[in-house]
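Colleague: Structure file model_17.cif (mmCIF, C-alpha atoms) is given on the next line.
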data_coords
loop_
_atom_site.label_atom_id
_atom_site.label_comp_id
_atom_site.auth_asym_id
_atom_site.auth_seq_id
_atom_site.Cartn_x
_atom_site.Cartn_y
_atom_site.Cartn_z
CA MET Y 292 21.01 100.77 63.72
CA SER Y 293 24.48 102.12 62.95
CA ASP Y 294 26.88 103.65 65.48
CA ASN Y 295 25.88 107.18 64.42
CA GLY Y 296 22.18 106.52 64.99
CA ARG Y 297 21.19 106.07 61.35
CA LEU Y 298 18.71 103.39 60.52
CA ILE Y 299 20.26 100.82 58.17
CA TYR Y 300 18.33 98.97 55.49
CA ARG Y 301 19.89 96.03 53.70
CA ILE Y 302 19.01 95.75 50.03
CA GLY Y 303 19.83 92.46 48.35
CA MET Y 304 20.74 92.11 44.67
CA VAL Y 305 19.95 88.73 43.13
CA GLY Y 306 21.50 87.86 39.80
CA PRO Y 307 24.24 85.99 37.91
CA SER Y 308 27.44 87.23 36.29
CA ARG Y 309 27.26 90.16 33.86
CA VAL Y 310 23.60 90.87 34.63
CA GLY Y 311 24.43 94.47 35.58
CA LYS Y 312 24.21 94.72 39.37
CA THR Y 313 26.92 97.38 39.71
CA SER Y 314 25.56 99.34 36.74
CA LEU Y 315 22.13 99.36 38.36
CA ILE Y 316 23.53 100.66 41.65
CA THR Y 317 25.38 103.42 39.79
CA ALA Y 318 22.21 104.31 37.90
CA LEU Y 319 20.24 104.44 41.15
CA LEU Y 320 22.67 106.95 42.64
CA ARG Y 321 22.95 109.19 39.58
CA GLY Y 322 19.28 109.00 38.64
CA GLY Y 323 18.18 109.32 42.25
CA GLN Y 324 20.10 112.52 42.81
CA ARG Y 325 18.18 114.15 39.96
CA LEU Y 326 14.86 112.69 41.06
CA LEU Y 327 15.18 113.91 44.64
CA GLU Y 328 16.08 117.51 43.79
CA GLY Y 329 13.63 119.75 45.60
CA SER Y 330 12.06 116.86 47.55
CA GLY Y 331 13.81 117.57 50.82
CA ILE Y 332 15.83 114.35 50.51
CA GLY Y 333 19.46 114.13 49.46
CA MET Y 334 21.23 111.03 48.20
CA LYS Y 335 24.97 110.41 48.24
CA ALA Y 336 27.60 107.72 48.43
CA VAL Y 337 28.93 107.18 51.95
CA GLY Y 338 32.48 106.12 52.73
CA SER Y 339 35.65 106.03 50.68
CA PRO Y 340 35.28 102.41 49.42
CA THR Y 341 31.86 103.08 47.88
CA GLN Y 342 32.97 106.41 46.42
CA LYS Y 343 36.04 104.82 44.84
CA ARG Y 344 34.12 101.88 43.41
CA LEU Y 345 31.42 104.07 41.84
CA THR Y 346 33.99 106.54 40.49
CA GLN Y 347 35.89 103.72 38.79
CA HIS Y 348 32.71 102.30 37.30
CA ARG Y 349 31.69 105.72 35.98
CA GLU Y 350 35.11 106.28 34.38
CA ASP Y 351 34.96 102.88 32.67
CA LEU Y 352 31.49 103.66 31.35
CA ASP Y 353 32.42 107.15 30.14
CA GLY Y 354 35.41 105.66 28.31
CA SER Y 355 33.20 103.14 26.53
CA LEU Y 356 30.80 105.89 25.46
CA LEU Y 357 33.65 108.01 24.11
CA ALA Y 358 34.85 104.99 22.10
CA GLY Y 359 31.48 104.87 20.34
CA THR Y 360 30.64 101.25 21.18
CA PHE Y 361 29.56 99.76 24.44
CA GLN Y 362 30.06 96.19 25.61
CA PRO Y 363 28.75 95.46 29.12
CA ASP Y 364 31.54 92.93 29.70
CA ALA Y 365 34.13 95.65 29.20
CA LEU Y 366 33.09 97.22 32.52
CA GLY Y 367 34.30 94.15 34.36
CA GLY Y 368 32.59 92.17 37.07
CA ASN Y 369 32.99 92.25 40.82
CA GLN Y 370 35.70 89.94 42.14
CA GLU Y 371 34.78 90.05 45.82
CA LYS Y 372 31.89 90.62 48.17
CA PHE Y 373 31.26 94.34 48.49
CA GLU Y 374 28.69 96.49 50.28
CA PHE Y 375 27.75 99.74 48.60
CA GLN Y 376 26.67 102.37 51.11
CA LEU Y 377 24.28 105.13 50.05
CA LEU Y 378 22.58 107.68 52.29
CA LEU Y 379 19.04 109.02 51.97
CA ASP Y 380 19.19 112.25 53.96
CA PRO Y 381 15.87 114.04 54.62
CA GLY Y 382 17.70 117.02 56.10
CA VAL Y 383 16.57 116.22 59.63
CA PRO Y 384 19.24 115.62 62.30
CA ASP Y 385 19.81 111.91 63.04
CA ALA Y 386 17.01 110.85 60.69
CA GLY Y 387 19.10 109.63 57.76
CA ILE Y 388 18.47 106.25 56.18
CA GLU Y 389 21.55 104.29 55.14
CA LEU Y 390 21.09 101.89 52.25
CA ARG Y 391 23.51 98.99 52.06
CA LEU Y 392 23.43 97.12 48.77
CA LEU Y 393 25.36 93.89 48.51
CA ASP Y 394 27.26 93.03 45.33
CA TYR Y 395 29.23 89.85 44.80
CA PRO Y 396 30.94 87.88 42.01
CA GLY Y 397 28.25 86.46 39.78
CA GLU Y 398 29.96 83.07 39.68
CA TRP Y 399 29.15 82.61 43.37
CA PHE Y 400 25.47 82.60 42.52
CA ASP Y 401 25.62 79.28 40.63
CA PRO Y 402 26.80 76.34 42.78
CA ARG Y 403 28.25 74.71 39.67
CA ASN Y 404 30.63 77.63 39.16
CA ARG Y 405 31.22 78.61 42.79
CA PRO Y 406 34.90 78.33 43.78
CA PRO Y 407 35.50 76.08 46.81
CA ASP Y 408 37.21 78.89 48.71
CA SER Y 409 34.11 81.10 48.46
CA THR Y 410 31.77 78.88 50.48
CA VAL Y 411 32.01 80.92 53.68
CA ALA Y 412 31.72 84.25 51.84
CA TRP Y 413 28.67 83.06 49.92
CA ALA Y 414 27.03 81.89 53.15
CA GLU Y 415 27.49 85.45 54.46
CA CYS Y 416 25.87 86.77 51.27
CA GLU Y 417 22.91 84.44 51.75
CA ARG Y 418 22.40 85.70 55.31
CA PHE Y 419 22.55 89.30 54.07
CA LEU Y 420 19.97 88.54 51.35
CA GLU Y 421 17.58 86.80 53.73
CA GLN Y 422 17.73 89.69 56.19
CA SER Y 423 17.25 92.37 53.55
CA SER Y 424 14.11 94.48 53.68
CA VAL Y 425 14.24 94.88 49.90
CA LEU Y 426 15.24 92.36 47.24
CA ILE Y 427 16.13 93.57 43.73
CA VAL Y 428 16.26 91.13 40.82
CA PRO Y 429 18.19 92.69 37.90
CA ILE Y 430 17.21 90.99 34.62
CA ASP Y 431 19.21 91.26 31.40
CA ALA Y 432 16.50 92.48 29.02
CA ALA Y 433 18.58 91.65 25.94
CA VAL Y 434 18.70 87.95 26.87
CA LEU Y 435 14.91 87.89 26.96
CA MET Y 436 14.37 89.94 23.83
CA GLU Y 437 17.10 88.66 21.50
CA ALA Y 438 16.29 84.95 21.79
CA THR Y 439 15.26 83.97 18.26
CA ASN Y 440 15.19 80.16 18.22
CA ALA Y 441 14.63 77.11 20.40
CA SER Y 442 18.29 76.73 21.39
CA HIS Y 443 18.33 80.30 22.70
CA LEU Y 444 15.20 79.67 24.74
CA ARG Y 445 16.66 76.47 26.18
CA ALA Y 446 19.78 78.42 27.23
CA MET Y 447 17.81 81.28 28.81
CA PRO Y 448 17.20 79.77 32.29
CA ALA Y 449 20.89 78.96 32.73
CA ILE Y 450 22.09 82.37 31.51
CA LEU Y 451 19.64 84.22 33.77
CA ALA Y 452 20.08 81.70 36.61
CA THR Y 453 16.33 81.61 37.12
CA THR Y 454 16.51 78.48 39.31
CA GLN Y 455 18.97 80.15 41.67
CA VAL Y 456 16.92 83.38 41.66
CA ASP Y 457 13.81 81.40 42.58
CA ASP Y 458 15.62 79.65 45.44
CA VAL Y 459 16.96 82.89 46.92
CA VAL Y 460 13.62 84.71 46.59
CA ARG Y 461 11.78 81.86 48.30
CA SER Y 462 14.27 81.85 51.19
CA TRP Y 463 13.81 85.60 51.48
CA LEU Y 464 10.01 85.25 51.43
CA THR Y 465 10.19 82.63 54.18
CA GLU Y 466 12.09 85.13 56.33
CA ARG Y 467 9.58 87.86 55.45
CA LYS Y 468 6.75 85.55 56.53
CA ARG Y 469 8.37 85.30 59.97
CA ARG Y 470 8.26 89.10 60.19
CA PRO Y 471 4.71 90.03 59.12
CA ASP Y 472 4.93 93.42 60.82
CA GLU Y 473 7.98 94.44 58.79
CA PRO Y 474 7.51 95.78 55.24
CA GLY Y 475 8.96 93.85 52.32
CA LEU Y 476 9.57 94.91 48.74
CA LEU Y 477 10.52 92.78 45.71
CA LEU Y 478 11.70 94.72 42.66
CA LEU Y 479 11.94 93.01 39.27
CA CYS Y 480 14.23 95.29 37.26
CA PRO Y 481 14.98 94.51 33.63
CA VAL Y 482 18.19 96.40 32.80
CA LYS Y 483 19.80 97.39 29.48
CA CYS Y 484 16.30 98.23 28.23
CA GLU Y 485 17.34 101.11 25.96
CA SER Y 486 16.57 99.24 22.73
CA TYR Y 487 13.03 98.25 23.68
CA PHE Y 488 11.38 101.55 24.64
CA THR Y 489 10.71 104.71 22.66
CA ASP Y 490 10.63 107.08 25.65
CA ASN Y 491 14.41 107.56 25.89
CA GLY Y 492 15.68 108.00 22.33
CA GLY Y 493 14.92 104.55 20.95
CA ASP Y 494 12.76 103.86 17.91
CA ARG Y 495 11.59 100.33 18.75
CA ASP Y 496 8.65 99.83 21.09
CA ASP Y 497 8.86 96.30 22.42
CA SER Y 498 7.85 97.22 25.96
CA ALA Y 499 4.80 94.92 25.94
CA ASN Y 500 6.92 91.98 24.78
CA LEU Y 501 9.49 92.65 27.49
CA LEU Y 502 6.77 92.70 30.14
CA GLY Y 503 5.37 89.47 28.75
CA TRP Y 504 8.74 87.73 28.78
CA VAL Y 505 9.39 88.77 32.40
CA ARG Y 506 5.98 87.44 33.42
CA ARG Y 507 6.67 84.16 31.61
CA VAL Y 508 10.28 83.52 32.66
CA TYR Y 509 9.85 84.70 36.27
CA ARG Y 510 6.33 83.36 36.74
CA ASP Y 511 7.31 81.12 39.67
CA VAL Y 512 8.91 84.04 41.51
CA ILE Y 513 5.91 86.31 40.90
CA ASP Y 514 3.42 83.65 42.02
CA ALA Y 515 5.44 82.79 45.13
CA VAL Y 516 4.99 86.22 46.71
CA PRO Y 517 1.24 86.15 47.46
CA ALA Y 518 1.50 82.48 48.43
CA GLU Y 519 4.43 82.86 50.83
CA ALA Y 520 4.27 86.45 52.12
CA PRO Y 521 1.16 88.39 51.02
CA HIS Y 522 2.31 91.60 52.73
CA VAL Y 523 5.32 91.88 50.38
CA ARG Y 524 4.87 94.28 47.44
CA THR Y 525 6.14 93.26 44.00
CA VAL Y 526 7.02 96.05 41.58
CA TYR Y 527 8.17 95.77 37.95
CA CYS Y 528 10.61 98.59 37.08
CA PRO Y 529 12.51 98.44 33.76
CA VAL Y 530 15.68 100.56 33.80
CA ASP Y 531 17.85 102.09 31.07
CA THR Y 532 21.15 102.03 32.94
CA ILE Y 533 22.99 103.75 30.05
CA GLY Y 534 20.21 105.29 27.93
CA CYS Y 535 22.25 106.49 24.97
CA VAL Y 536 22.99 103.08 23.46
CA GLU Y 537 21.25 100.83 20.94
CA ILE Y 538 21.83 97.11 20.56
CA LEU Y 539 23.76 96.32 17.38
CA ARG Y 540 24.18 92.58 17.56
CA ALA Y 541 23.46 89.70 19.89
CA ASP Y 542 25.60 86.56 19.73
CA TRP Y 543 24.92 83.19 21.29
CA PHE Y 544 28.14 81.18 21.63
CA ALA Y 545 28.61 77.54 22.51
CA GLU Y 546 30.52 77.16 25.78
CA PRO Y 547 33.66 75.08 25.18
CA THR Y 548 33.63 73.54 28.66
CA ARG Y 549 29.91 72.72 28.82
CA SER Y 550 28.48 70.64 26.01
CA GLY Y 551 25.25 71.98 24.56
CA LYS Y 552 25.32 75.16 26.67
CA LEU Y 553 25.27 78.68 25.23
CA THR Y 554 26.49 82.01 26.52
CA PHE Y 555 25.14 85.40 25.45
CA LEU Y 556 27.07 88.50 24.40
CA ALA Y 557 25.65 91.78 23.14
CA GLU Y 558 27.29 94.77 21.52
CA TYR Y 559 25.75 98.24 21.62
CA GLY Y 560 26.26 101.34 19.53
CA VAL Y 561 26.28 104.77 21.13
CA ARG Y 562 23.64 107.28 20.06
CA PRO Y 563 24.96 110.82 19.56
CA PRO Y 564 25.85 112.88 21.51
CA GLY Y 565 26.89 109.95 23.70
CA ARG Y 566 25.70 111.28 27.05
CA GLN Y 567 24.32 108.88 29.62
CA SER Y 568 20.53 109.20 29.90
CA ILE Y 569 19.26 107.04 32.75
CA LYS Y 570 15.60 106.11 32.59
CA GLY Y 571 13.58 104.10 35.11
CA ALA Y 572 15.96 104.47 38.06
CA ASP Y 573 13.61 107.16 39.35
CA ASP Y 574 10.83 104.57 39.53
CA VAL Y 575 13.06 102.26 41.56
CA LEU Y 576 13.99 105.13 43.87
CA MET Y 577 10.34 106.11 44.24
CA ALA Y 578 9.48 102.58 45.34
CA LEU Y 579 12.45 102.50 47.72
CA CYS Y 580 11.66 105.92 49.19
CA ARG Y 581 8.03 105.06 49.85
CA HIS Y 582 9.08 101.79 51.44
CA LEU Y 583 12.08 102.95 53.45
CA VAL Y 584 11.06 106.46 54.49
CA GLY Y 585 7.62 105.17 55.41
CA ALA Y 586 9.17 102.46 57.56
CA ARG Y 587 11.50 105.00 59.17
CA THR Y 588 8.50 107.19 59.99
CA ARG Y 589 6.89 104.32 61.90
CA VAL Y 590 10.12 103.81 63.87
CA GLU Y 591 10.28 107.52 64.68
CA GLU Y 592 6.62 107.52 65.74
CA GLN Y 593 7.32 104.72 68.20
CA ALA Y 594 10.38 106.59 69.49
CA ALA Y 595 8.36 109.79 69.89
CA VAL Y 596 5.68 108.00 71.92
CA THR Y 597 8.36 106.54 74.20
CA LYS Y 598 10.06 109.92 74.66
CA TYR Y 599 6.76 111.63 75.49
CA GLU Y 600 6.01 108.96 78.05
CA LEU Y 601 9.45 109.52 79.62
CA ALA Y 602 8.88 113.29 79.59
CA HIS Y 603 5.48 112.88 81.24
CA ASP Y 604 6.92 110.63 83.96
CA ALA Y 605 9.83 113.04 84.54
CA ARG Y 606 7.44 115.98 84.92
CA LEU Y 607 5.29 114.09 87.43
CA TYR Y 608 8.44 113.13 89.36
CA ALA Y 609 9.70 116.74 89.34
CA GLU Y 610 6.42 118.09 90.71
CA ARG Y 611 5.61 115.26 93.11
CA ASP Y 612 4.70 116.36 96.62
CA GLU Y 613 7.18 114.63 98.98
CA GLY Y 614 5.73 116.09 102.15
CA PHE Y 615 6.45 119.37 103.98
CA PHE Y 616 9.93 118.63 105.37
CA TRP Y 617 11.19 116.68 102.32
CA ASN Y 618 9.99 119.44 100.02
CA ILE Y 619 12.05 121.97 101.99
CA TRP Y 620 15.06 119.65 102.01
CA PHE Y 621 14.86 119.06 98.22
CA GLN Y 622 14.65 122.79 97.71
CA LEU Y 623 17.72 123.48 99.85
CA THR Y 624 19.87 120.68 98.38
CA GLY Y 625 19.01 121.36 94.75
CA GLU Y 626 17.23 118.05 94.25
CA ARG Y 627 14.07 119.82 93.11
CA ARG Y 628 16.05 121.90 90.57
CA LEU Y 629 17.77 118.74 89.28
CA ARG Y 630 14.39 117.08 88.77
CA GLU Y 631 13.16 120.15 86.89
CA GLU Y 632 16.21 120.07 84.60
CA ILE Y 633 15.68 116.39 83.83
CA ALA Y 634 12.00 117.00 83.07
CA THR Y 635 12.89 119.91 80.76
CA SER Y 636 15.50 117.80 78.98
CA ARG Y 637 13.02 114.95 78.47
CA ARG Y 638 10.47 117.41 77.10
CA ASP Y 639 13.00 118.85 74.62
CA GLU Y 640 13.94 115.34 73.45
CA ALA Y 641 10.27 114.53 72.90
CA VAL Y 642 9.69 117.74 70.93
CA GLU Y 643 12.75 116.99 68.76
CA ALA Y 644 11.52 113.45 68.12
CA LEU Y 645 8.10 114.78 67.11
CA SER Y 646 9.70 117.29 64.72
CA ARG Y 647 11.54 114.40 63.00
CA VAL Y 648 8.26 112.53 62.61
CA GLN Y 649 6.54 115.58 61.14
CA ALA Y 650 9.39 116.27 58.73
CA LEU Y 651 9.49 112.66 57.54
CA ASN Y 652 5.72 112.57 57.18
CA SER Y 653 5.86 115.61 54.92
CA VAL Y 654 8.49 113.87 52.76
CA VAL Y 655 6.36 110.73 52.50
CA GLU Y 656 3.35 112.78 51.47
CA GLU Y 657 5.40 114.65 48.86
CA LEU Y 658 6.67 111.39 47.37
CA ALA Y 659 3.23 109.84 47.46
CA ARG Y 660 1.93 112.63 45.21
CA ARG Y 661 4.30 111.51 42.45
CA ASN Y 662 2.79 108.87 40.20
CA PRO Y 663 4.87 105.90 39.02
CA GLY Y 664 6.12 106.08 35.45
CA GLU Y 665 4.29 104.40 32.59
CA ARG Y 666 6.81 101.56 32.61
CA VAL Y 667 5.97 100.45 36.15
CA ARG Y 668 3.63 97.62 37.04
CA LEU Y 669 2.48 96.69 40.54
CA TRP Y 670 1.86 92.98 41.08
#
What does the file become when written as C-alpha cells?
Modeller:
Amino acid sequence: MSDNGRLIYRIGMVGPSRVGKTSLITALLRGGQRLLEGSGIGMKAVGSPTQKRLTQHREDLDGSLLAGTFQPDALGGNQEKFEFQLLLDPGVPDAGIELRLLDYPGEWFDPRNRPPDSTVAWAECERFLEQSSVLIVPIDAAVLMEATNASHLRAMPAILATTQVDDVVRSWLTERKRRPDEPGLLLLCPVKCESYFTDNGGDRDDSANLLGWVRRVYRDVIDAVPAEAPHVRTVYCPVDTIGCVEILRADWFAEPTRSGKLTFLAEYGVRPPGRQSIKGADDVLMALCRHLVGARTRVEEQAAVTKYELAHDARLYAERDEGFFWNIWFQLTGERRLREEIATSRRDEAVEALSRVQALNSVVEELARRNPGERVRLW
C-alpha cells in the first residue's frame, strides 16, 4: 500500500538485452489508453521520472519511423534499474491501482555479463521479481522466426537467455506457492511480431509457427507452472509494439569475444504512412485488468466487511443503556452525542467502502464481457 492509499502491484519483466522491455511498457500505456476508453478506467504515467522516460522513448521511436527504417538497437537500452509507475484509475476515490514495472540493464540478467558493481542492484531486482504478482516474459519473435540453420538454433537459447528466464520464473513460482491465496499471472509476450501476422498490415501469416516455437523453446517454463503453482494463470499474448514495420533482413554475427557464439540483429522497413499501430497490448491489458482489478475488489470487500463491523459496534455502543443516572449524565456532558457522531461517521465510512466495491465490481464485469483476441492462448 502506498502513502496515498493506493494499492501497489509489482509487475516483473524477465528478459535479456535488446528484447524490448521498455518498448513493451510504452506499448502497454499507449495501447491501454485506447482500450480503456469508455470502460470507466483511466490509465496514465505517474511521476516525473516515468513521464520523462516514456517521452524520450516515444521521441526516439518517432524519429526512427520518420527516417523510414527501424532498428530496435537504435532506441538504446536501459543503463540502470528503473521502476515505471502507471496508474489504473477506476474513477472511484482512493481505489486506484498503481502498477510498478521494473526495467533493468539486460546485461545484468546473464551472470556471465553482469558487472561486478551491479551485484547489489541485481539482488534488489531479484527480490522485486519474486514479490511481483505478475511476471511478464518478453520474447523477441524475430529470433524465433528468422533462425534458418543449425547454428542459429544453437545460438537461440543464449540470445533469449532461456536458462536465466527459467531460473527466475521458477523462483517466482516458488514464492507464489507460498502464497496460494494470492493470484498469480505469467504472461508470455512475443514482441516485434508485426511481420508474422496479417491482422495489422502484414502479408505473412506465420502465427501458428510463432506459437509453436514459443511452446518449444519455453516448454520448461510452461510446464513448471502447473507443477509448482497450479493457481497461477499462464497467458500467451503476442504484441506488435510498433505495428507499422516489416522485417527486411536478419543477420547472425559471430561474437568476437566469445568463440562460436552468435548475436542477432534485425532491420525493419516502415510501412506507409509510418504511424505506430500497436496490436496485442490490449490483450495484455485485459489480462492485467482482470487480474489486478479483481484482486483489488477482494481487498475492498474485506475492508467493507471490517468497516461495517466497526459501524455496527459503534451503533451498539452509542445506543447502549448505561443505567438511569449514567444516561442522564451522558446526555448532560455530551458523551451520548459524541457516541452518536462516531457511529454516524463509521456508518458513512462503511457506505463509502461498499460503493467502491460496487463500482469496481461493475468494472470487472464490463471487462469480463470482452473476449480475448484471436492471438491469445490460455495455458
Colleague: What is the atom CA of Y:Asp408-atom CA of Y:Val305 distance in Å, reported with one decimal?
Modeller: 20.6 Å
Colleague: Tell me which residues the PyMOL selection byres ((chain Y and resi 460) around 12) grabs here, as a ChimeraX atom specification.
Modeller: /Y:303-306,417,420-423,425-428,453-459,461-467,475-479,509,511-516,519-520,523,525
Colleague: Just the residues within 9 Å of Y:Ile430, please, counting all atoms listed in the file, with nothing from its chain fewer than 5 positions along; format it as a ChimeraX atom specification.
Modeller: /Y:306,310-311,435,451,479-483,505,529
Colleague: Between atom CA of Y:Leu669 and atom CA of Y:Glu437, what is the spacing in Å?
Modeller: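 These atoms are spaced 25.3 Å apart.
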Colleague: With only C-alpha atoms as the atoms that count, which of Y:Ala414, Y:Leu629, Y:Ile450, Y:Ile388 lies nearest to Y:Pro307?
Modeller: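 The closest residue to Y:Pro307 is Y:Ile450.
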Colleague: Please evaluate the PyMOL selection byres ((chain Y and resi 315) around 9) against the displayed coordinates and give the resulting residues as a ChimeraX atom specification.
Modeller: /Y:311-314,316-320,429,480,482,530-532,572
Colleague: To one decimal place in Å, what is the distance between atom CA of Y:Tyr300 and atom CA of Y:His348?
Modeller: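 Atom CA of Y:His348 lies 23.4 Å from atom CA of Y:Tyr300.
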Colleague: Care to translate the PyMOL selection byres ((chain Y and resi 565) around 8) into actual residues of this file, as a ChimeraX atom specification?
Modeller: /Y:356-357,359,535-536,561-564,566-567
Colleague: Just checking: using all atoms listed in the file, which residue out of Y:Asp401, Y:Met334, Y:Glu473, Y:Trp543 ends up closest to Y:Glu389?
Modeller: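 Checking each of Y:Asp401, Y:Met334, Y:Glu473, Y:Trp543 against Y:Glu389, counting all atoms listed in the file, the winner is Y:Met334.
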Colleague: Mind checking which residues fall within 7 Å of Y:Phe373, counting all atoms listed in the file, ignoring those fewer than 2 positions away in the same chain, and posting them as a PyMOL selection string?
Modeller: chain Y and resi 371+375+393-395
Colleague: Between Y:Ser308, Y:Thr341, Y:Asn404, Y:Gln324, single out the one closest to Y:Gln370, counting all atoms listed in the file.
Modeller: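 Comparing Y:Ser308, Y:Thr341, Y:Asn404, Y:Gln324 against Y:Gln370, the winner is Y:Ser308.
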